$ cat input.cif   # mmCIF, C-alpha atoms
data_data
loop_
_atom_site.label_atom_id
_atom_site.label_comp_id
_atom_site.auth_asym_id
_atom_site.auth_seq_id
_atom_site.Cartn_x
_atom_site.Cartn_y
_atom_site.Cartn_z
CA MET A 939 -98.18 28.90 -236.90
CA LYS A 940 -95.13 28.28 -234.67
CA ASN A 941 -95.60 24.57 -235.13
CA GLU A 942 -96.15 24.75 -238.89
CA PHE A 943 -93.30 26.86 -240.33
CA GLU A 944 -89.61 27.42 -239.65
CA LEU A 945 -87.70 30.54 -240.72
CA VAL A 946 -84.03 31.33 -241.27
CA GLY A 947 -82.31 34.32 -242.80
CA GLY A 948 -79.03 36.03 -243.49
CA SER A 949 -77.41 39.06 -245.05
CA VAL A 950 -74.02 40.04 -246.45
CA ILE A 951 -72.61 43.39 -247.50
CA GLY A 952 -72.07 43.76 -251.24
CA ARG A 953 -68.64 43.78 -252.83
CA GLU A 954 -69.12 47.29 -254.21
CA HIS A 955 -70.31 48.66 -250.88
CA LEU A 956 -67.18 47.26 -249.26
CA ARG A 957 -65.05 48.87 -251.95
CA VAL A 958 -66.42 52.36 -251.31
CA GLY A 959 -66.78 52.00 -247.54
CA LYS A 960 -70.58 51.89 -247.34
CA ASN A 961 -72.58 49.94 -244.79
CA ASN A 962 -74.88 47.03 -245.60
CA GLN A 963 -78.11 48.84 -246.50
CA ASP A 964 -80.33 45.74 -246.33
CA ALA A 965 -82.33 44.59 -243.32
CA TYR A 966 -84.73 41.82 -242.41
CA SER A 967 -87.12 40.95 -239.62
CA TRP A 968 -89.80 38.41 -238.76
CA ASN A 969 -92.33 37.45 -236.11
CA VAL A 970 -94.12 34.15 -235.65
CA SER A 971 -97.14 33.85 -233.38
CA GLU A 972 -100.43 31.98 -233.24
CA ALA A 973 -102.00 34.83 -235.24
CA GLY A 974 -99.60 34.42 -238.13
CA ALA A 975 -96.05 34.40 -239.46
CA ILE A 976 -94.75 37.71 -240.80
CA ALA A 977 -91.41 38.23 -242.57
CA VAL A 978 -89.95 41.26 -244.33
CA VAL A 979 -86.78 42.13 -246.27
CA CYS A 980 -85.97 45.82 -246.86
CA ASP A 981 -83.30 47.33 -249.09
CA GLY A 982 -82.21 50.91 -248.52
CA CYS A 983 -81.87 53.27 -251.47
CA GLY A 984 -78.33 53.04 -252.81
CA SER A 985 -77.96 56.80 -253.21
CA GLY A 986 -79.10 57.54 -249.66
CA MET A 987 -76.31 58.56 -247.30
CA HIS A 988 -77.67 56.47 -244.43
CA SER A 989 -80.51 54.46 -245.92
CA GLU A 990 -79.57 51.43 -243.83
CA VAL A 991 -81.27 53.34 -240.99
CA GLY A 992 -84.60 53.39 -242.80
CA ALA A 993 -84.25 49.77 -243.92
CA LYS A 994 -83.68 48.55 -240.37
CA LEU A 995 -86.42 50.71 -238.88
CA GLY A 996 -88.76 49.86 -241.74
CA ALA A 997 -88.34 46.10 -241.43
CA ARG A 998 -89.14 46.23 -237.71
CA MET A 999 -92.00 48.70 -238.15
CA ILE A 1000 -93.67 46.67 -240.86
CA VAL A 1001 -93.46 43.40 -238.95
CA GLU A 1002 -94.71 44.92 -235.71
CA THR A 1003 -97.50 46.87 -237.39
CA LEU A 1004 -98.75 43.74 -239.14
CA HIS A 1005 -98.41 41.68 -235.97
CA ARG A 1006 -100.45 44.13 -233.90
CA SER A 1007 -103.03 44.42 -236.66
CA LEU A 1008 -103.53 40.65 -236.87
CA LYS A 1009 -103.75 40.38 -233.07
CA SER A 1010 -106.40 43.08 -233.01
CA GLY A 1011 -108.56 41.07 -235.37
CA MET A 1012 -107.93 42.84 -238.68
CA CYS A 1013 -108.81 40.55 -241.57
CA LEU A 1014 -106.09 39.97 -244.15
CA GLU A 1015 -108.74 39.27 -246.77
CA HIS A 1016 -110.52 42.59 -246.30
CA GLU A 1017 -110.09 44.84 -249.33
CA GLU A 1018 -108.98 47.79 -247.18
CA PHE A 1019 -106.35 45.84 -245.23
CA TRP A 1020 -103.28 47.06 -247.14
CA GLN A 1021 -104.55 50.63 -247.36
CA THR A 1022 -104.83 50.65 -243.56
CA ILE A 1023 -101.35 49.17 -243.12
CA GLN A 1024 -99.91 51.74 -245.56
CA GLN A 1025 -101.40 54.61 -243.61
CA LYS A 1026 -100.13 53.29 -240.28
CA LEU A 1027 -96.61 52.90 -241.65
CA PHE A 1028 -96.73 56.28 -243.32
CA ASN A 1029 -97.70 57.90 -240.01
CA GLN A 1030 -94.81 56.19 -238.22
CA LEU A 1031 -92.28 57.30 -240.82
CA GLN A 1032 -93.66 60.81 -240.64
CA GLN A 1033 -92.97 60.86 -236.90
CA VAL A 1034 -89.44 59.55 -237.44
CA ALA A 1035 -88.74 62.28 -240.00
CA GLU A 1036 -90.04 64.95 -237.62
CA HIS A 1037 -87.86 63.68 -234.77
CA LEU A 1038 -84.76 63.56 -236.97
CA GLY A 1039 -85.29 67.19 -237.93
CA GLY A 1040 -83.31 69.13 -240.49
CA ASP A 1041 -84.51 69.75 -244.00
CA ARG A 1042 -87.45 67.37 -244.37
CA ALA A 1043 -86.85 66.34 -247.98
CA GLN A 1044 -83.12 65.78 -247.43
CA THR A 1045 -83.76 63.81 -244.24
CA VAL A 1046 -86.15 61.50 -246.08
CA ARG A 1047 -83.72 60.98 -248.97
CA ASP A 1048 -80.76 60.37 -246.64
CA TYR A 1049 -82.43 58.05 -244.12
CA LEU A 1050 -85.87 56.72 -245.00
CA LEU A 1051 -86.01 55.32 -248.52
CA PHE A 1052 -86.23 51.51 -248.71
CA THR A 1053 -87.90 48.78 -250.74
CA ILE A 1054 -90.12 46.07 -249.23
CA VAL A 1055 -90.55 42.37 -249.93
CA GLY A 1056 -92.69 40.60 -247.35
CA VAL A 1057 -95.24 37.95 -246.51
CA VAL A 1058 -98.06 37.43 -244.03
CA ILE A 1059 -99.02 33.82 -243.39
CA THR A 1060 -102.22 33.21 -241.45
CA PRO A 1061 -103.78 29.79 -240.84
CA ALA A 1062 -106.02 30.28 -243.88
CA ILE A 1063 -104.39 32.81 -246.24
CA THR A 1064 -100.85 33.70 -247.32
CA SER A 1065 -100.30 37.16 -248.80
CA ILE A 1066 -97.03 38.26 -250.39
CA PHE A 1067 -96.68 42.04 -250.47
CA THR A 1068 -94.09 44.20 -252.19
CA LEU A 1069 -93.00 47.75 -252.83
CA GLY A 1070 -90.00 47.97 -255.13
CA ASP A 1071 -87.55 45.41 -256.45
CA GLY A 1072 -86.32 42.11 -255.09
CA VAL A 1073 -86.96 38.39 -255.43
CA ILE A 1074 -89.63 36.01 -254.20
CA ALA A 1075 -89.83 32.25 -254.60
CA VAL A 1076 -92.89 30.19 -253.72
CA ASN A 1077 -92.82 26.39 -253.88
CA ASP A 1078 -89.70 26.28 -256.10
CA GLN A 1079 -90.99 29.02 -258.46
CA ALA A 1080 -88.79 32.13 -258.35
CA MET A 1081 -89.89 35.57 -259.54
CA GLN A 1082 -87.82 38.71 -260.02
CA LEU A 1083 -89.41 42.02 -259.03
CA GLY A 1084 -88.28 44.93 -261.19
CA PRO A 1085 -86.08 46.40 -262.45
CA PHE A 1086 -87.72 49.80 -262.58
CA ALA A 1087 -87.13 52.61 -265.04
CA ASN A 1088 -83.93 54.58 -264.37
CA ASN A 1089 -83.13 52.12 -261.56
CA ALA A 1090 -85.61 54.06 -259.40
CA PRO A 1091 -88.04 51.75 -257.56
CA PRO A 1092 -90.91 53.22 -255.53
CA TYR A 1093 -90.30 53.84 -251.84
CA LEU A 1094 -92.76 54.06 -248.97
CA ALA A 1095 -91.37 57.36 -247.71
CA TYR A 1096 -91.89 59.13 -251.04
CA GLY A 1097 -95.29 60.01 -249.57
CA LEU A 1098 -93.48 62.28 -247.13
CA LEU A 1099 -92.08 64.22 -250.08
CA GLU A 1100 -95.08 64.29 -252.40
CA GLY A 1101 -97.83 64.53 -249.81
CA ASP A 1102 -100.19 62.21 -251.72
CA ILE A 1103 -100.24 58.76 -250.19
CA SER A 1104 -102.52 57.38 -252.88
CA GLU A 1105 -99.93 58.12 -255.58
CA SER A 1106 -96.68 57.41 -253.75
CA LEU A 1107 -97.37 54.29 -251.67
CA PRO A 1108 -98.39 51.40 -253.90
CA LEU A 1109 -97.87 48.79 -251.17
CA LYS A 1110 -99.98 45.87 -252.31
CA ALA A 1111 -100.53 42.14 -252.19
CA LEU A 1112 -98.63 40.72 -255.15
CA GLN A 1113 -99.85 37.17 -254.65
CA VAL A 1114 -102.49 35.60 -252.41
CA LEU A 1115 -102.90 31.86 -251.99
CA PRO A 1116 -104.29 29.37 -249.49
CA THR A 1117 -101.77 28.66 -246.75
CA ASN A 1118 -102.21 24.91 -247.13
CA GLN A 1119 -100.61 25.26 -250.58
CA VAL A 1120 -97.43 26.86 -249.21
CA GLN A 1121 -94.50 24.47 -248.78
CA SER A 1122 -91.56 26.86 -249.05
CA MET A 1123 -90.87 30.50 -249.70
CA LEU A 1124 -87.91 32.82 -250.15
CA LEU A 1125 -87.95 36.61 -249.79
CA GLY A 1126 -84.89 38.47 -251.04
CA SER A 1127 -83.44 41.87 -251.76
CA ASP A 1128 -82.39 42.59 -255.34
CA GLY A 1129 -78.92 41.28 -254.50
CA VAL A 1130 -80.44 37.79 -254.66
CA ILE A 1131 -80.76 38.31 -258.43
CA ASP A 1132 -76.94 38.36 -258.60
CA LEU A 1133 -76.84 35.28 -256.37
CA MET A 1134 -79.09 33.40 -258.80
CA GLU A 1135 -76.99 34.46 -261.79
CA VAL A 1136 -73.74 33.04 -260.37
CA ALA A 1137 -75.22 29.60 -259.58
CA ALA A 1138 -72.72 27.83 -261.88
CA HIS A 1139 -69.68 29.82 -260.72
CA ALA A 1140 -67.00 28.41 -258.45
CA LEU A 1141 -66.71 29.90 -254.98
CA PRO A 1142 -63.72 32.25 -254.55
CA GLY A 1143 -60.63 30.15 -253.95
CA ARG A 1144 -62.51 26.84 -254.24
CA SER A 1145 -63.61 24.35 -256.86
CA ASP A 1146 -67.19 23.77 -255.65
CA VAL A 1147 -69.91 25.88 -257.22
CA VAL A 1148 -72.43 28.29 -255.74
CA GLY A 1149 -75.44 26.12 -256.60
CA ASP A 1150 -79.09 26.76 -257.29
CA ILE A 1151 -81.11 29.14 -255.13
CA ALA A 1152 -83.33 26.19 -254.15
CA GLN A 1153 -80.56 24.98 -251.83
CA PHE A 1154 -81.73 27.48 -249.22
CA TRP A 1155 -85.09 25.81 -248.70
CA GLN A 1156 -84.10 22.27 -249.67
CA ASP A 1157 -80.89 21.72 -247.68
CA GLU A 1158 -81.48 20.76 -244.06
CA HIS A 1159 -78.26 22.27 -242.72
CA TYR A 1160 -79.56 25.81 -243.25
CA PHE A 1161 -82.29 25.10 -240.72
CA ARG A 1162 -80.12 23.23 -238.21
CA ASN A 1163 -77.87 26.27 -237.73
CA PRO A 1164 -79.62 29.68 -237.74
CA ASP A 1165 -76.38 31.41 -238.83
CA GLN A 1166 -75.75 29.12 -241.80
CA VAL A 1167 -77.44 31.35 -244.40
CA ARG A 1168 -75.20 34.30 -243.45
CA ARG A 1169 -72.15 32.06 -243.45
CA ARG A 1170 -72.91 30.80 -246.94
CA LEU A 1171 -73.41 34.30 -248.29
CA ALA A 1172 -70.16 35.45 -246.65
CA LEU A 1173 -68.31 32.51 -248.22
CA LEU A 1174 -69.59 33.52 -251.65
CA ASN A 1175 -68.53 37.10 -251.17
CA ARG A 1176 -65.09 36.79 -249.65
CA GLU A 1177 -62.06 38.07 -251.56
CA VAL A 1178 -59.31 35.50 -252.03
CA THR A 1179 -55.68 36.09 -253.01
CA MET A 1180 -54.00 33.06 -254.55
CA LEU A 1181 -50.38 32.38 -255.51
CA ASN A 1182 -49.66 30.72 -258.82
CA PRO A 1183 -46.82 28.30 -257.96
CA GLN A 1184 -45.46 28.34 -261.51
CA SER A 1185 -45.39 32.08 -262.18
CA GLN A 1186 -45.06 33.06 -258.54
CA GLN A 1187 -47.64 35.75 -259.27
CA CYS A 1188 -50.55 36.51 -256.98
CA SER A 1189 -54.03 36.83 -258.37
CA ARG A 1190 -57.09 38.22 -256.64
CA GLN A 1191 -60.51 36.62 -256.84
CA PRO A 1192 -63.22 39.08 -255.78
CA GLY A 1193 -66.47 38.16 -254.09
CA LEU A 1194 -69.35 37.13 -256.34
CA LEU A 1195 -72.05 39.47 -255.01
CA PRO A 1196 -71.65 43.14 -256.00
CA ASP A 1197 -74.74 44.32 -254.11
CA ASP A 1198 -75.89 43.76 -250.54
CA THR A 1199 -77.66 40.40 -250.51
CA THR A 1200 -80.31 39.44 -247.98
CA LEU A 1201 -82.81 36.62 -247.84
CA ILE A 1202 -85.35 34.97 -245.57
CA VAL A 1203 -86.36 31.36 -246.14
CA ILE A 1204 -89.64 29.95 -244.84
CA ARG A 1205 -90.37 26.24 -244.93
CA ARG A 1206 -93.23 24.07 -243.75
CA LYS A 1207 -91.83 21.91 -240.98
CA GLU A 1208 -93.28 18.73 -242.35
CA ALA A 1209 -91.21 19.29 -245.50
CA ALA A 1210 -88.09 18.55 -243.47
CA CYS A 1211 -89.20 15.00 -242.75
#
$ encode --input "input.cif" --output "structure tokens"
Amino acid sequence: MKNEFELVGGSVIGREHLRVGKNNQDAYSWNVSEAGAIAVVCDGCGSGMHSEVGAKLGARMIVETLHRSLKSGMCLEHEEFWQTIQQKLFNQLQQVAEHLGGDRAQTVRDYLLFTIVGVVITPAITSIFTLGDGVIAVNDQAMQLGPFANNAPPYLAYGLLEGDISESLPLKALQVLPTNQVQSMLLGSDGVIDLMEVAAHALPGRSDVVGDIAQFWQDEHYFRNPDQVRRRLALLNREVTMLNPQSQQCSRQPGLLPDDTTLIVIRRKEAAC
């Protein structure tokens, strides 16, 4: 798999989080080995005091759990695969909650609620899995996940509150396809929805426009520099103060992305030729 696909990613804090002094509550992680390529984007619950903690832990936990499972010989195509992964992740989060201490329900709500958008690519099968809102794009076809009623997506750690994993953890394969049909893919937090909606807008303080989301898997420069995705997102979300030379009045142009925005792009290497 290392010779077949290349991955890049980036994240930027949302304009509204900057305004109120919150951290970036998104996180992402990936692992590429001979067993498979695994990538995950997590978005912490906006109302959680420190949900960036859960998002960062969750992204790493999910990737490592899937990596170990594939190395041990677990079959992605087996009908019980995702149930087993759910239970392993649930057990890990349970241990984290116990170590953090305090009131269990409040600890979960403050630290451990996050959405999941991820993919497992094996030599034969590619499985996109989700829990909550976000964006995926496969071979130029983008799909929005959510929104959910009352802006309340499901979270993995709800099982720690409700005690019934079968009801609270609907982690599942959203789409399964042969790996030889995969040319490009994007995984994004729900902030990517805002990014897609401002495609025709000018960048703050500039005349050039944001551009279509497809730029991230089509433009070679994102893959030549591993920090280029983050740089682009930061450019879109910077605040610019400009002086009108005629009125001598200053005007402020805010960043274009109100929410934390995170994405991973995966591309078949031969597509770069």
$ atom_distance --input "input.cif" --atom1 "CA of Leu1171 in chain A" --atom2 "CA of Ile976 in chain A"
22.9 Å
$ residues_around --input "input.cif" --residues "Gly947 in chain A" --least-positions-apart "5" --cutoff "9 Å" --atoms "all atoms listed in the file" --output "PyMOL selection string"
chain A and resi 966-967+1160+1164-1168+1200-1204
$ closest_residue --input "input.cif" --among "A:Lys940, A:His1139, A:His1037, A:Arg1170" --to "Gln1153 in chain A" --atoms "all atoms listed in the file"
A:Arg1170
$ resolve_selection --input "input.cif" --expression "the PyMOL selection byres ((chain A and resi 984) around 12)" --output "JSON, numbers by chain"
{"A": [952, 954, 955, 960, 961, 962, 963, 964, 981, 982, 983, 985, 986, 987, 988, 989, 990, 992, 993, 1047, 1048, 1049, 1050, 1051, 1052, 1053, 1089, 1090, 1091, 1128, 1129, 1197, 1198]}
$ closest_atom_pairs --input "input.cif" --of "range 992-1075 of chain A" --to "range 1104-1125 of chain A" --cutoff "12 Å" --atoms "all atoms listed in the file" --output "CSV"
residue,atom,partner,partner_atom,distance
A:Ile1000,CA,A:Leu1109,CA,11.3
A:Leu1014,CA,A:Ala1111,CA,10.0
A:Glu1015,CA,A:Val1114,CA,9.2
A:His1016,CA,A:Ala1111,CA,11.6
A:Glu1017,CA,A:Ala1111,CA,10.3
A:Glu1018,CA,A:Lys1110,CA,10.5
A:Phe1019,CA,A:Lys1110,CA,9.5
A:Trp1020,CA,A:Lys1110,CA,6.2
A:Gln1021,CA,A:Leu1109,CA,7.9
A:Thr1022,CA,A:Leu1109,CA,10.5
A:Ile1023,CA,A:Leu1109,CA,8.8
A:Gln1024,CA,A:Leu1109,CA,6.7
A:Gln1025,CA,A:Leu1107,CA,9.0
A:Lys1026,CA,A:Leu1107,CA,11.8
A:Leu1027,CA,A:Leu1107,CA,10.1
A:Phe1028,CA,A:Leu1107,CA,8.6
A:Leu1051,CA,A:Leu1107,CA,11.8
A:Phe1052,CA,A:Leu1107,CA,11.9
A:Thr1053,CA,A:Leu1109,CA,10.0
A:Ile1054,CA,A:Leu1109,CA,8.4
A:Val1055,CA,A:Leu1125,CA,6.3
A:Gly1056,CA,A:Leu1125,CA,6.7
A:Val1057,CA,A:Leu1125,CA,8.1
A:Val1058,CA,A:Val1114,CA,9.7
A:Ile1059,CA,A:Thr1117,CA,6.7
A:Thr1060,CA,A:Thr1117,CA,7.0
A:Pro1061,CA,A:Thr1117,CA,6.3
A:Ala1062,CA,A:Thr1117,CA,5.4
A:Ile1063,CA,A:Pro1116,CA,4.7
A:Thr1064,CA,A:Thr1117,CA,5.2
A:Ser1065,CA,A:Val1114,CA,4.5
A:Ile1066,CA,A:Gln1113,CA,5.2
A:Phe1067,CA,A:Ala1111,CA,4.2
A:Thr1068,CA,A:Leu1109,CA,6.0
A:Leu1069,CA,A:Leu1109,CA,5.2
A:Gly1070,CA,A:Leu1109,CA,8.8
A:Asp1071,CA,A:Leu1125,CA,11.0
A:Gly1072,CA,A:Leu1125,CA,7.8
A:Val1073,CA,A:Leu1125,CA,6.0
A:Ile1074,CA,A:Leu1125,CA,4.8
A:Ala1075,CA,A:Leu1124,CA,4.9
$ write_last_selection --input "input.cif" --atoms "C-alpha atoms" --output "compact mmCIF listing (two decimals), keeping the file's coordinate frame"
# COMPACT_ATOMS: atom_id res chain seq x y z
CA ILE A 1000 -93.67 46.67 -240.86
CA LEU A 1014 -106.09 39.97 -244.15
CA GLU A 1015 -108.74 39.27 -246.77
CA HIS A 1016 -110.52 42.59 -246.30
CA GLU A 1017 -110.09 44.84 -249.33
CA GLU A 1018 -108.98 47.79 -247.18
CA PHE A 1019 -106.35 45.84 -245.23
CA TRP A 1020 -103.28 47.06 -247.14
CA GLN A 1021 -104.55 50.63 -247.36
CA THR A 1022 -104.83 50.65 -243.56
CA ILE A 1023 -101.35 49.17 -243.12
CA GLN A 1024 -99.91 51.74 -245.56
CA GLN A 1025 -101.40 54.61 -243.61
CA LYS A 1026 -100.13 53.29 -240.28
CA LEU A 1027 -96.61 52.90 -241.65
CA PHE A 1028 -96.73 56.28 -243.32
CA LEU A 1051 -86.01 55.32 -248.52
CA PHE A 1052 -86.23 51.51 -248.71
CA THR A 1053 -87.90 48.78 -250.74
CA ILE A 1054 -90.12 46.07 -249.23
CA VAL A 1055 -90.55 42.37 -249.93
CA GLY A 1056 -92.69 40.60 -247.35
CA VAL A 1057 -95.24 37.95 -246.51
CA VAL A 1058 -98.06 37.43 -244.03
CA ILE A 1059 -99.02 33.82 -243.39
CA THR A 1060 -102.22 33.21 -241.45
CA PRO A 1061 -103.78 29.79 -240.84
CA ALA A 1062 -106.02 30.28 -243.88
CA ILE A 1063 -104.39 32.81 -246.24
CA THR A 1064 -100.85 33.70 -247.32
CA SER A 1065 -100.30 37.16 -248.80
CA ILE A 1066 -97.03 38.26 -250.39
CA PHE A 1067 -96.68 42.04 -250.47
CA THR A 1068 -94.09 44.20 -252.19
CA LEU A 1069 -93.00 47.75 -252.83
CA GLY A 1070 -90.00 47.97 -255.13
CA ASP A 1071 -87.55 45.41 -256.45
CA GLY A 1072 -86.32 42.11 -255.09
CA VAL A 1073 -86.96 38.39 -255.43
CA ILE A 1074 -89.63 36.01 -254.20
CA ALA A 1075 -89.83 32.25 -254.60
$ closest_residue --input "input.cif" --among "A:Pro1142, A:Leu1099, A:Arg953, A:Arg1206" --to "Ser1189 in chain A" --atoms "all atoms listed in the file"
A:Pro1142
$ atom_distance --input "input.cif" --atom1 "CA of Gln1033 in chain A" --atom2 "CA of Tyr1093 in chain A"
16.7 Å
$ atom_distance --input "input.cif" --atom1 "CA of Ser971 in chain A" --atom2 "CA of Ile1151 in chain A"
27.4 Å
$ residues_around --input "input.cif" --residues "Val1147 in chain A" --least-positions-apart "3" --cutoff "12 Å" --atoms "all atoms listed in the file" --output "compact mmCIF listing (two decimals) with C-alpha atoms, in the frame of the given file"
# COMPACT_ATOMS: atom_id res chain seq x y z
CA LEU A 1133 -76.84 35.28 -256.37
CA MET A 1134 -79.09 33.40 -258.80
CA VAL A 1136 -73.74 33.04 -260.37
CA ALA A 1137 -75.22 29.60 -259.58
CA ALA A 1138 -72.72 27.83 -261.88
CA HIS A 1139 -69.68 29.82 -260.72
CA ALA A 1140 -67.00 28.41 -258.45
CA LEU A 1141 -66.71 29.90 -254.98
CA PRO A 1142 -63.72 32.25 -254.55
CA GLY A 1143 -60.63 30.15 -253.95
CA ARG A 1144 -62.51 26.84 -254.24
CA ASP A 1150 -79.09 26.76 -257.29
CA ILE A 1151 -81.11 29.14 -255.13
CA GLN A 1153 -80.56 24.98 -251.83
CA ARG A 1170 -72.91 30.80 -246.94
CA LEU A 1173 -68.31 32.51 -248.22
CA LEU A 1174 -69.59 33.52 -251.65
CA LEU A 1194 -69.35 37.13 -256.34
$ resolve_selection --input "input.cif" --expression "the PyMOL selection byres ((chain A and resi 1043) around 12)" --output "JSON, numbers by chain"
{"A": [986, 1032, 1035, 1036, 1038, 1039, 1040, 1041, 1042, 1044, 1045, 1046, 1047, 1048, 1049, 1050, 1051, 1095, 1096, 1097, 1098, 1099, 1100, 1101]}
$ resolve_selection --input "input.cif" --expression "the PyMOL selection byres ((chain A and resi 997) around 6)" --output "VMD selection string"
chain A and resid 966 to 967 978 980 994 to 996 998 to 1000
$ closest_residue --input "input.cif" --among "A:Val1130, A:Met1012, A:Leu956, A:Val950" --to "Gly974 in chain A" --atoms "all atoms listed in the file"
A:Met1012
$ residues_near_point --input "input.cif" --point "(-94.8, 22.0, -240.1)" --cutoff "6 Å" --atoms "all atoms listed in the file" --output "list of chain:residue names"
A:Asn941, A:Glu942, A:Phe943, A:Arg1206, A:Lys1207, A:Glu1208
